[in-house]
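**Q** Dropping the structure in here first, questions after.
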Amino acid sequence: MDKIKILQFSIGNVHGGVTQYVLKNWEFIDKEKFQFDFVTLSKELDFAAELIRQGCRVYYLSCYAEENEEQFRREMNQILAEGYDAVHLHTNFWRSFIVEQLAIEHHIPKIIVHSHNSMVDIVDNELREAAIKVHKVRRQEFSESLATDFWACSELAADWLFGAKIPKERIKLLKNAIDVNQFSYDVHVRNEYRNKLGLANCFVLGHTGRFVYQKNHDFLIDVFYRISQTMPDARLILIGTGALEDGIRDKVHRYGIEDKVLFMGKRADVNHLLQAMDMFLLPSRFEGLPIVLVEAQASGIKCITSTHVTQEAGITDNIEFLRLEVSLWADKVIQNATIYSRTKVDDTITSAGYNIRLQIKELEILYS
């Protein structure tokens, strides 16, 4: 029996939420029945060799459609001509519908538009506002005729991308599921990593996320600086890379807290680093439904996130949603420093639908 061929559009080299979601689905899906190929607009993918070794094809586009539409169409037509049963478009905001239109022209049976976010992630205010205007115009132009399936990671993400153009009963909410076993609380790993990082006697706060406008690292550093004035043994672990990292390093330097903030870069052991933390902070300006918050909760850790994050992300009792006020966050961290008991929450995460070993079965049915 021929495999069902699915083209994933698109992933990036930085392990953001979309890329992480797609790669995790590929890891757990039945490879006897399904084939994933990938499109990227990144110049390179650090993990491309491994995907190719597993039998996937990786296509590199040379430009965005907005930069050179003719070239973009030519390259996408060549890719789609390889023949696919489905095109899965991972979308944060609307720019155009060119890929959808080309997929229709190539008679792709299943065209999936999947919403993963709830705002435009651009630092410059004018450029962001301009992109939002384009998004809203395109959203009004979007219609059911441009795709066969409409998915979203949360109701918030669905409203952002589809608005009233797609009936709610046609939108499928798919959980950003994780490998629960990988993140389950493990005191031995916790002690090992705290010792390895020199944090055995510290109160460790943590954050996972790209250094981009969306993740709001500026606010996070302000909060941590205030905490550090009251709690000298406080430390902050920052996992990730991104365009705004240098600016955040400068801010840490200006505050004189270089010895208290650990820039960890891109890591393959995020699950273990979460074990070393005492509390997880996610002050995002917007989100669809952050996978990192699912992972942090799965590790049994106390989480504080912003009210801009959907309440759907509240899976366990160890999470609070706060307004983005520095004093409010600092006080809450200090108050909660020692009053919660960390335990395994595997069953809670699984029963909420965030265990990928179960979620992948639903995805296989939808792809079929």
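Letters A, B, ... go to the chains of the structure tokens in the order shown; residues in each chain start at 1; ligands are counted from 1 in the same order.
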Mind checking which residues fall within 12 Å of Glu82 (chain A), counting only C-alpha atoms, ignoring those fewer than 3 positions away in the same chain, and posting them as a PyMOL selection string?
**A** chain A and resi 5-7+37+57+59+75-79+85-87+103+106-108
**Q** Could you go through region 41-215 of chain A and tell me which residues DSSP, when run on the backbone, assigns to strand (DSSP E or B), listing them as a ChimeraX atom specification?
**A** /A:58-60,86-91,110-115,149-152,171-173,178,203-208
**Q** Save the residues we just selected, C-alpha atoms, as a PDB file, in the first residue's frame?
**A**
ATOM      1  CA  VAL A  58      13.402  18.898   2.406  1.00  0.00           C
ATOM      2  CA  TYR A  59      12.666  21.757   0.003  1.00  0.00           C
ATOM      3  CA  TYR A  60      14.311  25.165   0.392  1.00  0.00           C
ATOM      4  CA  ALA A  86      -2.240  16.595   1.565  1.00  0.00           C
ATOM      5  CA  VAL A  87      -0.648  19.991   2.068  1.00  0.00           C
ATOM      6  CA  HIS A  88      -0.556  21.056   5.707  1.00  0.00           C
ATOM      7  CA  LEU A  89      -0.095  24.839   5.936  1.00  0.00           C
ATOM      8  CA  HIS A  90       1.062  26.080   9.333  1.00  0.00           C
ATOM      9  CA  THR A  91      -0.069  29.689   9.492  1.00  0.00           C
ATOM     10  CA  LYS A 110      -6.590  17.662   1.229  1.00  0.00           C
ATOM     11  CA  ILE A 111      -5.547  21.261   1.911  1.00  0.00           C
ATOM     12  CA  ILE A 112      -5.193  21.972   5.637  1.00  0.00           C
ATOM     13  CA  VAL A 113      -4.889  25.496   7.029  1.00  0.00           C
ATOM     14  CA  HIS A 114      -3.698  25.290  10.641  1.00  0.00           C
ATOM     15  CA  SER A 115      -3.665  28.381  12.885  1.00  0.00           C
ATOM     16  CA  ASP A 149      -9.721  21.466   6.480  1.00  0.00           C
ATOM     17  CA  PHE A 150      -9.456  24.235   9.054  1.00  0.00           C
ATOM     18  CA  TRP A 151      -7.479  23.521  12.228  1.00  0.00           C
ATOM     19  CA  ALA A 152      -6.266  25.554  15.194  1.00  0.00           C
ATOM     20  CA  ILE A 171     -12.791  24.222  12.720  1.00  0.00           C
ATOM     21  CA  LYS A 172     -10.937  21.350  14.365  1.00  0.00           C
ATOM     22  CA  LEU A 173      -9.054  22.159  17.575  1.00  0.00           C
ATOM     23  CA  ILE A 178       3.931  16.393  23.935  1.00  0.00           C
ATOM     24  CA  PHE A 203      15.955  29.402  43.596  1.00  0.00           C
ATOM     25  CA  VAL A 204      15.772  28.795  39.852  1.00  0.00           C
ATOM     26  CA  LEU A 205      13.383  30.568  37.521  1.00  0.00           C
ATOM     27  CA  GLY A 206      13.201  29.531  33.890  1.00  0.00           C
ATOM     28  CA  HIS A 207      11.937  30.526  30.474  1.00  0.00           C
ATOM     29  CA  THR A 208      11.952  28.785  27.093  1.00  0.00           C
TER      30      THR A 208
END
**Q** List every residue of region 75-163 of chain A that DSSP, applied to the backbone of this structure, assigns to alpha helix (DSSP H), and report them as a PyMOL selection string.
**A** chain A and resi 75-80+98-105+125-141+155-162
**Q** Any idea what's packed within 10 Å of Tyr354 (chain A), counting only C-alpha atoms, ignoring anything in its chain fewer than 5 positions away? Could you give it as a ChimeraX atom specification?
**A** /A:174-180,291,294-295,298,315,346,348-349,359
**Q** Could you name the residues that touch Ser118 (chain A) at 8 Å or less, counting only C-alpha atoms, but leaving out those on the same chain fewer than 3 positions away, as a PDB file with C-alpha atoms, in the first residue's frame?
**A**
ATOM      1  CA  ASN A  92       0.449  32.492  12.041  1.00  0.00           C
ATOM      2  CA  PHE A  93      -1.156  35.358  10.114  1.00  0.00           C
ATOM      3  CA  LEU A 156      -8.060  32.102  20.373  1.00  0.00           C
ATOM      4  CA  ALA A 157      -5.887  31.050  17.418  1.00  0.00           C
ATOM      5  CA  TRP A 160      -7.462  35.216  14.945  1.00  0.00           C
ATOM      6  CA  LEU A 161      -6.957  33.411  11.633  1.00  0.00           C
ATOM      7  CA  PHE A 286       0.419  36.868  22.590  1.00  0.00           C
ATOM      8  CA  GLU A 287       0.285  33.125  21.880  1.00  0.00           C
ATOM      9  CA  GLY A 288      -1.779  30.494  20.120  1.00  0.00           C
TER      10      GLY A 288
END
**Q** Write out as a list in words the residues lying within 10 Å of Tyr255 (chain A), counting only C-alpha atoms and excluding same-chain residues fewer than 3 positions away.
**A**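 In the requested format, the answer is Ile221, Asp222, Tyr225, Arg249, Asp250, Lys251, Val252 and Glu258 of chain A.
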**Q** Which one of A:Asp30, A:Glu70, A:Gly12, A:Ala268 sits closest to Ser42 (chain A) if you count only C-alpha atoms?
**A**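 Between A:Asp30, A:Glu70, A:Gly12, A:Ala268, the residue approaching Ser42 (chain A) most closely is A:Gly12.
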**Q** For Leu244 (chain A), which of A:His272, A:Arg267, A:Lys215, A:Arg138 is the closest residue, counting only C-alpha atoms?
**A**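 With only C-alpha atoms as the atom set, the closest residue is A:Lys215.
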**Q** Can you tell me which residues surround Ile29 (chain A) at a distance of at most 8 Å, considering only C-alpha atoms, apart from same-chain residues fewer than 3 positions away, and format the answer as a list in words?
**A**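 Surrounding residues, per the criterion: Asn25, Trp26, Phe34, Ile360, Lys361 and Glu364 of chain A.
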**Q** Tell me, in Å to one decimal, how far CA of Cys153 (chain A) is from CA of His116 (chain A).
**A**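 About the pair CA of Cys153 (chain A) and CA of His116 (chain A): they are 5.7 Å apart.
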**Q** Skip Ala200 (chain A) itself and residues of its chain fewer than 2 positions away, then list as a list in words all residues within 12 Å of it, counting only C-alpha atoms.
**A**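 That gives Arg190, Asn191, Glu192, Tyr193, Arg194, Asn195, Lys196, Leu197, Gly198, Cys202, Phe203, Val204, Asp233, Ala234, Arg235, Ala276, Met277 and Asp278 of chain A.
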